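K.L.:
Input file: my_file-v3.pdb. Contents: PDB, C-alpha atoms (C1' of nucleotides).
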ATOM      1  CA  MET H  20      -1.801 -13.035  18.929
ATOM      2  CA  ILE H  21       1.186 -10.881  19.994
ATOM      3  CA  ASP H  22      -0.722  -8.159  21.809
ATOM      4  CA  GLN H  23      -4.331  -9.060  22.383
ATOM      5  CA  LEU H  24      -5.576  -5.496  22.775
ATOM      6  CA  ASP H  25      -3.890  -4.458  19.525
ATOM      7  CA  ALA H  26      -5.580  -7.309  17.705
ATOM      8  CA  VAL H  27      -8.986  -6.856  19.326
ATOM      9  CA  PHE H  28      -9.248  -3.091  18.930
ATOM     10  CA  GLY H  29      -7.815  -3.408  15.437
ATOM     11  CA  ALA H  30     -10.441  -6.001  14.545
ATOM     12  CA  LEU H  31     -13.213  -3.811  15.933
ATOM     13  CA  ALA H  32     -12.038  -0.785  13.954
ATOM     14  CA  ASP H  33     -13.680  -2.065  10.770
ATOM     15  CA  PRO H  34     -17.458  -1.692  10.341
ATOM     16  CA  THR H  35     -17.808  -4.849   8.254
ATOM     17  CA  ARG H  36     -16.139  -6.863  10.995
ATOM     18  CA  ARG H  37     -18.361  -5.346  13.665
ATOM     19  CA  ALA H  38     -21.379  -6.256  11.529
ATOM     20  CA  ILE H  39     -20.070  -9.808  11.204
ATOM     21  CA  LEU H  40     -19.833 -10.062  14.976
ATOM     22  CA  ALA H  41     -23.393  -8.786  15.271
ATOM     23  CA  ARG H  42     -24.629 -11.521  12.974
ATOM     24  CA  LEU H  43     -22.654 -14.171  14.839
ATOM     25  CA  ALA H  44     -24.346 -13.034  18.026
ATOM     26  CA  ASP H  45     -27.515 -14.511  16.542
ATOM     27  CA  GLY H  46     -25.818 -17.862  16.020
ATOM     28  CA  ASP H  47     -23.087 -19.593  14.050
ATOM     29  CA  ARG H  48     -22.882 -18.808  10.360
ATOM     30  CA  THR H  49     -21.172 -20.174   7.282
ATOM     31  CA  VAL H  50     -18.933 -17.975   5.157
ATOM     32  CA  GLY H  51     -21.631 -17.895   2.503
ATOM     33  CA  GLU H  52     -24.252 -16.727   4.965
ATOM     34  CA  LEU H  53     -21.904 -14.027   6.187
ATOM     35  CA  THR H  54     -21.061 -12.879   2.669
ATOM     36  CA  ALA H  55     -24.651 -12.500   1.420
ATOM     37  CA  PRO H  56     -25.755  -9.415   3.397
ATOM     38  CA  PHE H  57     -22.603  -7.440   2.626
ATOM     39  CA  GLU H  58     -21.724  -6.003  -0.719
ATOM     40  CA  VAL H  59     -18.223  -7.356  -0.773
ATOM     41  CA  SER H  60     -16.789 -10.489  -2.300
ATOM     42  CA  GLN H  61     -16.468 -13.822  -0.503
ATOM     43  CA  PRO H  62     -12.662 -13.631  -0.348
ATOM     44  CA  ALA H  63     -12.946 -10.271   1.392
ATOM     45  CA  ILE H  64     -15.203 -11.821   4.044
ATOM     46  CA  SER H  65     -12.805 -14.741   4.413
ATOM     47  CA  ARG H  66     -10.041 -12.308   5.216
ATOM     48  CA  HIS H  67     -12.166 -10.397   7.687
ATOM     49  CA  LEU H  68     -12.872 -13.715   9.388
ATOM     50  CA  LYS H  69      -9.161 -14.412   9.537
ATOM     51  CA  VAL H  70      -8.600 -11.062  11.272
ATOM     52  CA  LEU H  71     -11.361 -11.831  13.755
ATOM     53  CA  GLU H  72      -9.868 -15.287  14.319
ATOM     54  CA  ARG H  73      -6.419 -13.810  15.004
ATOM     55  CA  ALA H  74      -8.014 -11.553  17.606
ATOM     56  CA  GLY H  75      -9.628 -14.573  19.224
ATOM     57  CA  LEU H  76     -13.100 -13.206  18.498
ATOM     58  CA  VAL H  77     -14.152 -16.044  16.216
ATOM     59  CA  SER H  78     -13.543 -19.783  16.233
ATOM     60  CA  ARG H  79     -14.337 -22.090  13.370
ATOM     61  CA  ASN H  80     -15.139 -25.723  12.717
ATOM     62  CA  ARG H  81     -16.319 -27.740   9.783
ATOM     63  CA  ARG H  82     -19.847 -28.876   9.143
ATOM     64  CA  ALA H  83     -19.833 -30.976   6.008
ATOM     65  CA  THR H  84     -18.299 -28.830   3.266
ATOM     66  CA  ALA H  85     -19.117 -25.607   5.083
ATOM     67  CA  ARG H  86     -17.082 -23.863   7.803
ATOM     68  CA  LEU H  87     -19.065 -22.477  10.686
ATOM     69  CA  SER H  88     -17.887 -19.318  12.415
ATOM     70  CA  HIS H  89     -18.622 -19.000  16.114
ATOM     71  CA  LEU H  90     -18.492 -15.862  18.240
ATOM     72  CA  GLU H  91     -15.942 -15.939  21.062
ATOM     73  CA  ALA H  92     -16.747 -13.012  23.333
ATOM     74  CA  GLU H  93     -13.948 -13.354  25.861
ATOM     75  CA  PRO H  94     -11.615 -10.847  24.128
ATOM     76  CA  LEU H  95     -14.455  -8.323  24.213
ATOM     77  CA  ARG H  96     -14.449  -8.746  27.962
ATOM     78  CA  THR H  97     -10.713  -8.011  28.007
ATOM     79  CA  ALA H  98     -11.277  -4.882  25.935
ATOM     80  CA  THR H  99     -14.077  -3.782  28.246
ATOM     81  CA  GLU H 100     -11.846  -4.270  31.262
ATOM     82  CA  TRP H 101      -9.256  -1.984  29.688
ATOM     83  CA  LEU H 102     -11.883   0.649  28.966
ATOM     84  CA  ALA H 103     -13.247   0.382  32.492
ATOM     85  CA  ARG H 104     -10.083   2.033  33.795
ATOM     86  CA  TYR H 105     -11.370   5.256  32.267
ATOM     87  CA  GLN H 106     -14.850   4.972  33.678
ATOM     88  CA  ALA H 107     -14.081   7.615  36.274
ATOM     89  CA  PHE H 108     -13.316  10.139  33.556
ATOM     90  CA  TRP H 109     -16.745  10.117  32.058
ATOM     91  CA  ASP H 110     -18.572   9.290  35.237
ATOM     92  CA  GLU H 111     -18.156  12.765  36.590
ATOM     93  CA  SER H 112     -20.685  14.371  34.329
ATOM     94  CA  HIS H 113     -22.875  11.401  33.476
ATOM     95  CA  GLU H 114     -24.737   8.455  34.914
ATOM     96  CA  ARG H 115     -22.559   5.654  36.197
ATOM     97  CA  LEU H 116     -21.594   2.838  33.842
ATOM     98  CA  ASP H 117     -23.120   0.198  36.071
ATOM     99  CA  ALA H 118     -26.444   1.998  35.887
ATOM    100  CA  LEU H 119     -26.063   2.182  32.128
ATOM    101  CA  LEU H 120     -25.282  -1.502  31.893
ATOM    102  CA  ALA H 121     -28.184  -2.358  34.136
ATOM    103  CA  SER H 122     -30.533  -0.476  31.833
ATOM    104  CA  LEU H 123     -29.036  -2.184  28.811
ATOM    105  CA  THR H 124     -29.469  -5.551  30.488
ATOM    106  CA  ARG H 125     -33.095  -4.742  31.183
ATOM    107  CA  GLN H 126     -33.532  -3.861  27.516
ATOM    108  CA  LEU H 127     -32.076  -7.189  26.451
ATOM    109  CA  GLU H 128     -34.254  -9.103  28.883
ATOM    110  CA  ARG H 129     -37.400  -7.430  27.677
TER
ATOM    111  CA  MET Z  20     -15.156  12.071  12.621
ATOM    112  CA  ILE Z  21     -17.122  10.134   9.995
ATOM    113  CA  ASP Z  22     -17.807   6.989  12.012
ATOM    114  CA  GLN Z  23     -16.982   7.460  15.656
ATOM    115  CA  LEU Z  24     -16.552   3.772  16.444
ATOM    116  CA  ASP Z  25     -14.170   3.334  13.505
ATOM    117  CA  ALA Z  26     -12.085   6.241  14.735
ATOM    118  CA  VAL Z  27     -12.144   5.272  18.403
ATOM    119  CA  PHE Z  28     -11.361   1.582  17.988
ATOM    120  CA  GLY Z  29      -8.780   2.486  15.373
ATOM    121  CA  ALA Z  30      -7.146   4.919  17.771
ATOM    122  CA  LEU Z  31      -7.100   2.328  20.550
ATOM    123  CA  ALA Z  32      -5.516  -0.291  18.302
ATOM    124  CA  ASP Z  33      -2.066   1.254  18.769
ATOM    125  CA  PRO Z  34      -0.136   0.601  22.001
ATOM    126  CA  THR Z  35       1.628   3.975  21.946
ATOM    127  CA  ARG Z  36      -1.710   5.749  21.735
ATOM    128  CA  ARG Z  37      -3.130   3.701  24.594
ATOM    129  CA  ALA Z  38      -0.052   4.619  26.624
ATOM    130  CA  ILE Z  39      -0.565   8.291  25.786
ATOM    131  CA  LEU Z  40      -4.140   8.070  27.064
ATOM    132  CA  ALA Z  41      -2.876   6.463  30.252
ATOM    133  CA  ARG Z  42      -0.508   9.378  30.839
ATOM    134  CA  LEU Z  43      -3.224  11.911  30.108
ATOM    135  CA  ALA Z  44      -5.353  10.229  32.739
ATOM    136  CA  ASP Z  45      -2.859  11.611  35.251
ATOM    137  CA  GLY Z  46      -3.357  15.138  33.950
ATOM    138  CA  ASP Z  47      -2.797  17.336  30.913
ATOM    139  CA  ARG Z  48       0.558  17.061  29.191
ATOM    140  CA  THR Z  49       2.566  18.983  26.606
ATOM    141  CA  VAL Z  50       3.793  17.279  23.468
ATOM    142  CA  GLY Z  51       7.305  17.299  24.868
ATOM    143  CA  GLU Z  52       6.200  15.612  28.078
ATOM    144  CA  LEU Z  53       4.386  12.977  26.079
ATOM    145  CA  THR Z  54       7.358  12.368  23.798
ATOM    146  CA  ALA Z  55       9.961  11.867  26.530
ATOM    147  CA  PRO Z  56       8.865   8.475  27.918
ATOM    148  CA  PHE Z  57       8.449   6.879  24.509
ATOM    149  CA  GLU Z  58      11.268   5.944  22.219
ATOM    150  CA  VAL Z  59       9.810   7.582  19.173
ATOM    151  CA  SER Z  60      10.373  10.989  17.646
ATOM    152  CA  GLN Z  61       8.347  14.080  18.482
ATOM    153  CA  PRO Z  62       6.678  14.204  15.043
ATOM    154  CA  ALA Z  63       5.488  10.630  15.559
ATOM    155  CA  ILE Z  64       3.844  11.625  18.848
ATOM    156  CA  SER Z  65       2.317  14.674  17.184
ATOM    157  CA  ARG Z  66       0.663  12.416  14.664
ATOM    158  CA  HIS Z  67      -0.575  10.020  17.313
ATOM    159  CA  LEU Z  68      -2.125  13.008  19.030
ATOM    160  CA  LYS Z  69      -3.799  13.989  15.799
ATOM    161  CA  VAL Z  70      -5.317  10.510  15.498
ATOM    162  CA  LEU Z  71      -6.544  10.718  19.095
ATOM    163  CA  GLU Z  72      -7.949  14.180  18.396
ATOM    164  CA  ARG Z  73      -9.833  12.953  15.314
ATOM    165  CA  ALA Z  74     -11.370  10.225  17.473
ATOM    166  CA  GLY Z  75     -12.458  12.844  19.988
ATOM    167  CA  LEU Z  76     -10.300  11.299  22.692
ATOM    168  CA  VAL Z  77      -8.045  14.309  23.136
ATOM    169  CA  SER Z  78      -8.627  18.049  23.061
ATOM    170  CA  ARG Z  79      -5.884  20.650  22.973
ATOM    171  CA  ASN Z  80      -5.289  24.228  23.925
ATOM    172  CA  ARG Z  81      -2.322  26.542  24.102
ATOM    173  CA  ARG Z  82      -0.416  27.479  27.213
ATOM    174  CA  ALA Z  83       2.231  29.963  26.229
ATOM    175  CA  THR Z  84       4.237  28.319  23.447
ATOM    176  CA  ALA Z  85       3.255  24.819  24.530
ATOM    177  CA  ARG Z  86       0.126  22.894  23.553
ATOM    178  CA  LEU Z  87      -1.590  20.981  26.316
ATOM    179  CA  SER Z  88      -3.365  17.727  25.488
ATOM    180  CA  HIS Z  89      -6.407  16.865  27.561
ATOM    181  CA  LEU Z  90      -8.124  13.478  27.847
ATOM    182  CA  GLU Z  91     -11.722  13.402  26.632
ATOM    183  CA  ALA Z  92     -13.201  10.141  27.847
ATOM    184  CA  GLU Z  93     -16.668  10.387  26.338
ATOM    185  CA  PRO Z  94     -15.827   8.351  23.206
ATOM    186  CA  LEU Z  95     -14.537   5.590  25.483
ATOM    187  CA  ARG Z  96     -17.987   5.512  26.977
ATOM    188  CA  THR Z  97     -19.461   5.109  23.504
ATOM    189  CA  ALA Z  98     -17.086   2.250  22.794
ATOM    190  CA  THR Z  99     -17.977   0.613  26.097
ATOM    191  CA  GLU Z 100     -21.666   0.890  25.295
ATOM    192  CA  TRP Z 101     -21.076  -0.905  22.017
ATOM    193  CA  LEU Z 102     -19.147  -3.654  23.782
ATOM    194  CA  ALA Z 103     -21.850  -3.976  26.422
ATOM    195  CA  ARG Z 104     -24.154  -5.498  23.820
ATOM    196  CA  TYR Z 105     -21.965  -8.588  23.972
ATOM    197  CA  GLN Z 106     -21.897  -8.790  27.720
ATOM    198  CA  ALA Z 107     -24.346 -11.698  27.679
ATOM    199  CA  PHE Z 108     -21.931 -13.767  25.618
ATOM    200  CA  TRP Z 109     -19.224 -13.855  28.204
ATOM    201  CA  ASP Z 110     -21.480 -13.583  31.224
ATOM    202  CA  GLU Z 111     -22.584 -17.171  30.988
ATOM    203  CA  SER Z 112     -19.406 -18.676  32.290
ATOM    204  CA  HIS Z 113     -17.975 -15.762  34.247
ATOM    205  CA  GLU Z 114     -18.774 -13.139  36.801
ATOM    206  CA  ARG Z 115     -21.071 -10.387  35.616
ATOM    207  CA  LEU Z 116     -19.577  -7.239  34.113
ATOM    208  CA  ASP Z 117     -21.211  -4.987  36.653
ATOM    209  CA  ALA Z 118     -19.618  -6.999  39.419
ATOM    210  CA  LEU Z 119     -16.306  -6.756  37.620
ATOM    211  CA  LEU Z 120     -16.627  -3.033  37.202
ATOM    212  CA  ALA Z 121     -17.598  -2.643  40.826
ATOM    213  CA  SER Z 122     -14.455  -4.469  41.876
ATOM    214  CA  LEU Z 123     -12.369  -2.356  39.544
ATOM    215  CA  THR Z 124     -13.934   0.774  40.966
ATOM    216  CA  ARG Z 125     -13.095  -0.390  44.475
ATOM    217  CA  GLN Z 126      -9.505  -0.962  43.366
ATOM    218  CA  LEU Z 127      -9.275   2.559  42.000
ATOM    219  CA  GLU Z 128     -10.744   4.038  45.158
ATOM    220  CA  ARG Z 129      -8.303   2.186  47.346
TER
ATOM    221  C1'  DA M  30     -15.835 -41.218 -11.184
ATOM    222  C1'  DT M  31     -17.647 -36.859 -11.998
ATOM    223  C1'  DT M  32     -19.733 -32.847 -10.783
ATOM    224  C1'  DC M  33     -21.145 -29.303  -7.643
ATOM    225  C1'  DT M  34     -20.711 -26.521  -3.659
ATOM    226  C1'  DT M  35     -18.035 -24.162  -0.335
ATOM    227  C1'  DC M  36     -14.314 -21.867   0.870
ATOM    228  C1'  DA M  37      -9.196 -20.507   0.969
ATOM    229  C1'  DT M  38      -5.424 -18.609  -1.255
ATOM    230  C1'  DA M  39      -2.578 -16.190  -4.631
ATOM    231  C1'  DA M  40      -1.607 -12.157  -7.241
ATOM    232  C1'  DC M  41      -2.426  -7.639  -7.852
ATOM    233  C1'  DC M  42      -3.771  -2.628  -6.911
ATOM    234  C1'  DA M  43      -4.654   1.549  -4.434
ATOM    235  C1'  DC M  44      -4.481   3.470  -0.221
ATOM    236  C1'  DT M  45      -3.320   4.111   4.586
ATOM    237  C1'  DC M  46      -0.382   3.794   8.657
ATOM    238  C1'  DT M  47       3.822   4.409  11.337
ATOM    239  C1'  DG M  48       8.002   5.770  11.486
ATOM    240  C1'  DT M  49      11.943   8.700   9.987
ATOM    241  C1'  DT M  50      14.663  13.405   9.041
ATOM    242  C1'  DA M  51      14.472  18.118   7.706
ATOM    243  C1'  DT M  52      12.443  22.324   8.101
ATOM    244  C1'  DG M  53       9.770  26.285   9.358
ATOM    245  C1'  DG M  54       6.176  28.921  11.994
ATOM    246  C1'  DA M  55       4.593  30.953  16.201
ATOM    247  C1'  DG M  56       5.003  32.549  20.705
ATOM    248  C1'  DT M  57       8.483  34.021  24.705
ATOM    249  C1'  DG M  58      11.951  36.383  26.636
ATOM    250  C1'  DA M  59      16.184  38.989  26.615
TER
ATOM    251  C1'  DT D  11      14.806  42.721  16.978
ATOM    252  C1'  DC D  12      16.935  38.380  17.734
ATOM    253  C1'  DA D  13      17.440  34.074  19.556
ATOM    254  C1'  DC D  14      15.279  30.202  21.599
ATOM    255  C1'  DT D  15      11.771  26.837  22.576
ATOM    256  C1'  DC D  16       7.914  24.145  21.262
ATOM    257  C1'  DC D  17       5.590  21.980  18.004
ATOM    258  C1'  DA D  18       3.493  21.097  13.195
ATOM    259  C1'  DT D  19       4.177  19.809   8.662
ATOM    260  C1'  DA D  20       6.364  18.117   4.447
ATOM    261  C1'  DA D  21       8.702  14.482   2.093
ATOM    262  C1'  DC D  22       9.969   9.987   2.050
ATOM    263  C1'  DA D  23      10.233   4.736   2.930
ATOM    264  C1'  DG D  24       8.376   0.367   4.230
ATOM    265  C1'  DA D  25       4.818  -2.411   5.911
ATOM    266  C1'  DG D  26       0.074  -3.334   6.343
ATOM    267  C1'  DT D  27      -5.003  -3.073   4.890
ATOM    268  C1'  DG D  28      -9.020  -3.906   2.143
ATOM    269  C1'  DG D  29     -10.676  -4.660  -1.995
ATOM    270  C1'  DT D  30     -10.699  -7.173  -6.489
ATOM    271  C1'  DT D  31     -10.491 -11.474  -9.898
ATOM    272  C1'  DA D  32      -8.823 -16.034 -10.823
ATOM    273  C1'  DT D  33      -8.095 -20.392  -9.334
ATOM    274  C1'  DG D  34      -7.874 -24.682  -6.909
ATOM    275  C1'  DA D  35      -8.603 -27.893  -2.905
ATOM    276  C1'  DA D  36     -11.823 -30.684  -0.389
ATOM    277  C1'  DG D  37     -16.006 -32.698   0.886
ATOM    278  C1'  DA D  38     -20.899 -34.115  -0.747
ATOM    279  C1'  DA D  39     -23.958 -35.894  -3.858
ATOM    280  C1'  DT D  40     -25.401 -38.127  -7.834
TER
END
Spit out the file's structure as structure tokens when you get a sec.
P.N.:
Amino acid sequence: MIDQLDAVFGALADPTRRAILARLADGDRTVGELTAPFEVSQPAISRHLKVLERAGLVSRNRRATARLSHLEAEPLRTATEWLARYQAFWDESHERLDALLASLTRQLER
Amino acid sequence: MIDQLDAVFGALADPTRRAILARLADGDRTVGELTAPFEVSQPAISRHLKVLERAGLVSRNRRATARLSHLEAEPLRTATEWLARYQAFWDESHERLDALLASLTRQLER
DNA sequence: ATTCTTCATAACCACTCTGTTATGGAGTGA
DNA sequence: TCACTCCATAACAGAGTGGTTATGAAGAAT
């Protein structure tokens, strides 16, 4: 993990990897479970998982013969902190980010 | 701009491009001004600018023979919104994002 | 022990990315 | 008009990316 932001933003740049993260947000998954919904081969998913692991976004452990992938959100926090530096530049003409986040939080809690 | 998140996260994955955005946050810059601080050639910077432009992060207009690059922060907002969906996953063991952003905002105002 | 399941890895291909140098176009100013 | 400045683009090289198929390692189950 030379530069964390490089790795994290790079990992997020691929739609399949973002979809994998979305599924992991619902709970840990095996490689097989992650492969099924996508129309790519299992080795392709394995490599996406390796990219996510390098970015620190996924950790893995064995369960019997399967390998469970687990979402690690901390790097997303780091990425958000970086983006927050630019908050002022879109704030001017729009609602504030904290208001936005509050509304999103309310949505999630509902 | 097929998929905005692809383009934005892809653009942010490069440290030179993030540094360019940081300089543009201080005000519009010509290509020459953006090239000087980095140890890469002018054509390389021109192509970075093109990537940023495709992602909607930079707009450009002429001033005499120069071309001014201008920061467009809206796509960063989009990226932040996407990341906010994962806020709950790092919230559990850390301060809340809105508190973090508030503290960052205070820092900027100071 | 053997077989089955799960997953990783290797080998390959096509394409993209980041950088270079060389060059030329477009606008400015003398 | 001519020269100069600023920048874009073309052509190229090397590394990386994302996909494939083929294969094998390792644990589980019979």
K.L.:
Present chain Z as a short mmCIF file (atom, residue, chain, number, x, y, z; two decimals) with C-alpha atoms, in the frame of the given file, least-squares fitted onto chain H over all of its C-alpha atoms paired in order.
P.N.:
data_model
loop_
_atom_site.label_atom_id
_atom_site.label_comp_id
_atom_site.auth_asym_id
_atom_site.auth_seq_id
_atom_site.Cartn_x
_atom_site.Cartn_y
_atom_site.Cartn_z
CA MET Z 20 -1.94 -13.06 18.95
CA ILE Z 21 1.08 -10.97 19.99
CA ASP Z 22 -0.76 -8.18 21.80
CA GLN Z 23 -4.38 -9.06 22.40
CA LEU Z 24 -5.59 -5.48 22.79
CA ASP Z 25 -3.90 -4.46 19.54
CA ALA Z 26 -5.60 -7.31 17.73
CA VAL Z 27 -9.01 -6.84 19.33
CA PHE Z 28 -9.26 -3.08 18.94
CA GLY Z 29 -7.83 -3.40 15.45
CA ALA Z 30 -10.46 -5.98 14.57
CA LEU Z 31 -13.24 -3.79 15.94
CA ALA Z 32 -12.04 -0.77 13.97
CA ASP Z 33 -13.71 -2.06 10.80
CA PRO Z 34 -17.49 -1.67 10.37
CA THR Z 35 -17.85 -4.85 8.30
CA ARG Z 36 -16.17 -6.86 11.03
CA ARG Z 37 -18.39 -5.33 13.70
CA ALA Z 38 -21.39 -6.24 11.56
CA ILE Z 39 -20.11 -9.80 11.22
CA LEU Z 40 -19.86 -10.06 15.01
CA ALA Z 41 -23.42 -8.79 15.30
CA ARG Z 42 -24.65 -11.54 12.98
CA LEU Z 43 -22.67 -14.18 14.85
CA ALA Z 44 -24.37 -13.05 18.03
CA ASP Z 45 -27.54 -14.53 16.54
CA GLY Z 46 -25.85 -17.88 16.03
CA ASP Z 47 -23.11 -19.60 14.06
CA ARG Z 48 -22.90 -18.82 10.37
CA THR Z 49 -21.17 -20.20 7.28
CA VAL Z 50 -18.95 -18.00 5.17
CA GLY Z 51 -21.63 -17.90 2.50
CA GLU Z 52 -24.26 -16.76 4.98
CA LEU Z 53 -21.94 -14.05 6.20
CA THR Z 54 -21.10 -12.89 2.69
CA ALA Z 55 -24.68 -12.53 1.43
CA PRO Z 56 -25.80 -9.46 3.42
CA PHE Z 57 -22.66 -7.47 2.69
CA GLU Z 58 -21.78 -6.00 -0.65
CA VAL Z 59 -18.27 -7.34 -0.71
CA SER Z 60 -16.81 -10.46 -2.26
CA GLN Z 61 -16.49 -13.79 -0.50
CA PRO Z 62 -12.68 -13.61 -0.32
CA ALA Z 63 -12.98 -10.25 1.44
CA ILE Z 64 -15.24 -11.80 4.08
CA SER Z 65 -12.85 -14.73 4.43
CA ARG Z 66 -10.09 -12.31 5.26
CA HIS Z 67 -12.22 -10.40 7.73
CA LEU Z 68 -12.91 -13.71 9.42
CA LYS Z 69 -9.20 -14.39 9.57
CA VAL Z 70 -8.63 -11.05 11.29
CA LEU Z 71 -11.40 -11.83 13.77
CA GLU Z 72 -9.90 -15.28 14.33
CA ARG Z 73 -6.44 -13.82 15.02
CA ALA Z 74 -8.04 -11.55 17.62
CA GLY Z 75 -9.67 -14.56 19.24
CA LEU Z 76 -13.13 -13.20 18.52
CA VAL Z 77 -14.18 -16.04 16.24
CA SER Z 78 -13.55 -19.77 16.25
CA ARG Z 79 -14.34 -22.10 13.37
CA ASN Z 80 -15.13 -25.70 12.73
CA ARG Z 81 -16.28 -27.76 9.79
CA ARG Z 82 -19.80 -28.93 9.13
CA ALA Z 83 -19.74 -31.03 6.00
CA THR Z 84 -18.14 -28.86 3.31
CA ALA Z 85 -19.05 -25.63 5.09
CA ARG Z 86 -17.07 -23.87 7.82
CA LEU Z 87 -19.08 -22.49 10.70
CA SER Z 88 -17.89 -19.32 12.43
CA HIS Z 89 -18.65 -19.01 16.12
CA LEU Z 90 -18.52 -15.85 18.24
CA GLU Z 91 -15.98 -15.92 21.07
CA ALA Z 92 -16.78 -12.99 23.31
CA GLU Z 93 -14.00 -13.33 25.86
CA PRO Z 94 -11.65 -10.83 24.15
CA LEU Z 95 -14.49 -8.30 24.21
CA ARG Z 96 -14.48 -8.71 27.95
CA THR Z 97 -10.76 -7.98 28.01
CA ALA Z 98 -11.30 -4.86 25.94
CA THR Z 99 -14.11 -3.76 28.24
CA GLU Z 100 -11.88 -4.24 31.26
CA TRP Z 101 -9.28 -1.99 29.69
CA LEU Z 102 -11.90 0.66 28.97
CA ALA Z 103 -13.26 0.40 32.50
CA ARG Z 104 -10.09 2.05 33.80
CA TYR Z 105 -11.37 5.27 32.27
CA GLN Z 106 -14.84 4.98 33.68
CA ALA Z 107 -14.08 7.65 36.28
CA PHE Z 108 -13.34 10.17 33.55
CA TRP Z 109 -16.79 10.15 32.09
CA ASP Z 110 -18.62 9.29 35.28
CA GLU Z 111 -18.28 12.77 36.67
CA SER Z 112 -20.87 14.35 34.47
CA HIS Z 113 -22.97 11.34 33.54
CA GLU Z 114 -24.75 8.34 34.91
CA ARG Z 115 -22.52 5.59 36.19
CA LEU Z 116 -21.47 2.80 33.83
CA ASP Z 117 -22.94 0.10 36.01
CA ALA Z 118 -26.27 1.86 35.89
CA LEU Z 119 -25.93 2.15 32.14
CA LEU Z 120 -25.10 -1.50 31.78
CA ALA Z 121 -27.98 -2.45 34.02
CA SER Z 122 -30.36 -0.52 31.80
CA LEU Z 123 -28.88 -2.12 28.71
CA THR Z 124 -29.28 -5.53 30.28
CA ARG Z 125 -32.92 -4.77 31.03
CA GLN Z 126 -33.39 -3.75 27.40
CA LEU Z 127 -31.93 -7.03 26.20
CA GLU Z 128 -34.09 -9.03 28.56
CA ARG Z 129 -37.22 -7.28 27.43
#
K.L.:
Show me as a short mmCIF file (atom, residue, chain, number, x, y, z; two decimals) with C-alpha atoms (C1' of nucleotides), keeping the file's coordinate frame the residues that reach within 9 Å of (6.1, 5.5, 19.8), counting all atoms listed in the file and using the file's own coordinates.
P.N.:
data_model
loop_
_atom_site.label_atom_id
_atom_site.label_comp_id
_atom_site.auth_asym_id
_atom_site.auth_seq_id
_atom_site.Cartn_x
_atom_site.Cartn_y
_atom_site.Cartn_z
CA PRO Z 34 -0.14 0.60 22.00
CA THR Z 35 1.63 3.98 21.95
CA ARG Z 36 -1.71 5.75 21.74
CA THR Z 54 7.36 12.37 23.80
CA PHE Z 57 8.45 6.88 24.51
CA GLU Z 58 11.27 5.94 22.22
CA VAL Z 59 9.81 7.58 19.17
CA SER Z 60 10.37 10.99 17.65
CA GLN Z 61 8.35 14.08 18.48
CA ALA Z 63 5.49 10.63 15.56
CA ILE Z 64 3.84 11.62 18.85
CA HIS Z 67 -0.57 10.02 17.31
"C1'" DT M 47 3.82 4.41 11.34
"C1'" DG M 48 8.00 5.77 11.49
#
K.L.:
Identify, on the basis of all atoms listed in the file, every residue whose closest approach to region 36-38 of chain M does not exceed 12 Å; exclude the query and any residue fewer than 3 positions from it along the same chain; express the result as a list of chain:residue names.
P.N.:
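Final neighbour list, sorted by chain and number: H:Thr49, H:Val50, H:Gly51, H:Glu52, H:Thr54, H:Gln61, H:Pro62, H:Ala63, H:Ile64, H:Ser65, H:Arg66, H:Leu68, H:Lys69, H:Arg81, H:Ala83, H:Thr84, H:Ala85, H:Arg86, H:Leu87, D:DA32, D:DT33, D:DG34, D:DA35, D:DA36, D:DG37.
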K.L.:
Given all atoms listed in the file as the basis, pick out the residue of M:DT52, M:DT35, M:DT45, M:DT57 nearest to chain H.
P.N.:
M:DT35
K.L.:
Give me, as a ChimeraX atom specification, the residues of chain Z touching chain H, with the criterion being at most 7 Å (counting only C-alpha atoms).
P.N.:
/Z:24-25,28-29,31-34,92-93,95-96,99,102-103,105,108-109,117,120
K.L.:
Up to 10 Å from chain H, what residues of chain D turn up? Count all atoms listed in the file and give them as a list of chain:residue names.
P.N.:
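Taken together, these residues fit the definition: D:DG28, D:DG29, D:DT30, D:DT31, D:DA36, D:DG37, D:DA38.
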K.L.:
Output C-alpha atoms (C1' of nucleotides) for every residue in that selection, as a compact mmCIF listing (two decimals), keeping the file's coordinate frame.
P.N.:
# COMPACT_ATOMS: atom_id res chain seq x y z
C1' DG D 28 -9.02 -3.91 2.14
C1' DG D 29 -10.68 -4.66 -2.00
C1' DT D 30 -10.70 -7.17 -6.49
C1' DT D 31 -10.49 -11.47 -9.90
C1' DA D 36 -11.82 -30.68 -0.39
C1' DG D 37 -16.01 -32.70 0.89
C1' DA D 38 -20.90 -34.12 -0.75
K.L.:
Which residues match the PyMOL selection byres ((chain M) within 12 of (chain Z)) in the file above, as an NGL selection string?
P.N.:
:M and (46-51 or 54-58)
K.L.:
Set up a box along x, y and z of the file covering all listed atoms of region 34-48 of chain M, add 6 Å on every one of the six sides, and write the centre and edge lengths in Å to one decimal, as lines of an AutoDock Vina configuration file.
P.N.:
center_x = -6.4
center_y = -10.4
center_z = 1.8
size_x = 40.7
size_y = 44.3
size_z = 31.3
K.L.:
Leaving out DA59 (chain M) and any residue of its chain fewer than 3 positions from it, which residues lie within 12 Å of it when counting only C-alpha atoms (C1' of nucleotides), given as a VMD selection string?
P.N.:
chain D and resid 11 to 14
K.L.:
Please, what distance in Å, to one decimal, runs between C1' of DT32 (chain M) and C1' of DT40 (chain D)?
P.N.:
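These atoms are spaced 8.3 Å apart.
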K.L.:
So the first atom is CA of Asp45 (chain H) and the second is C1' of DT34 (chain M); what is the distance between them in Å, to one decimal place?
P.N.:
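Spanning CA of Asp45 (chain H) to C1' of DT34 (chain M) is a straight-line distance of 24.5 Å.
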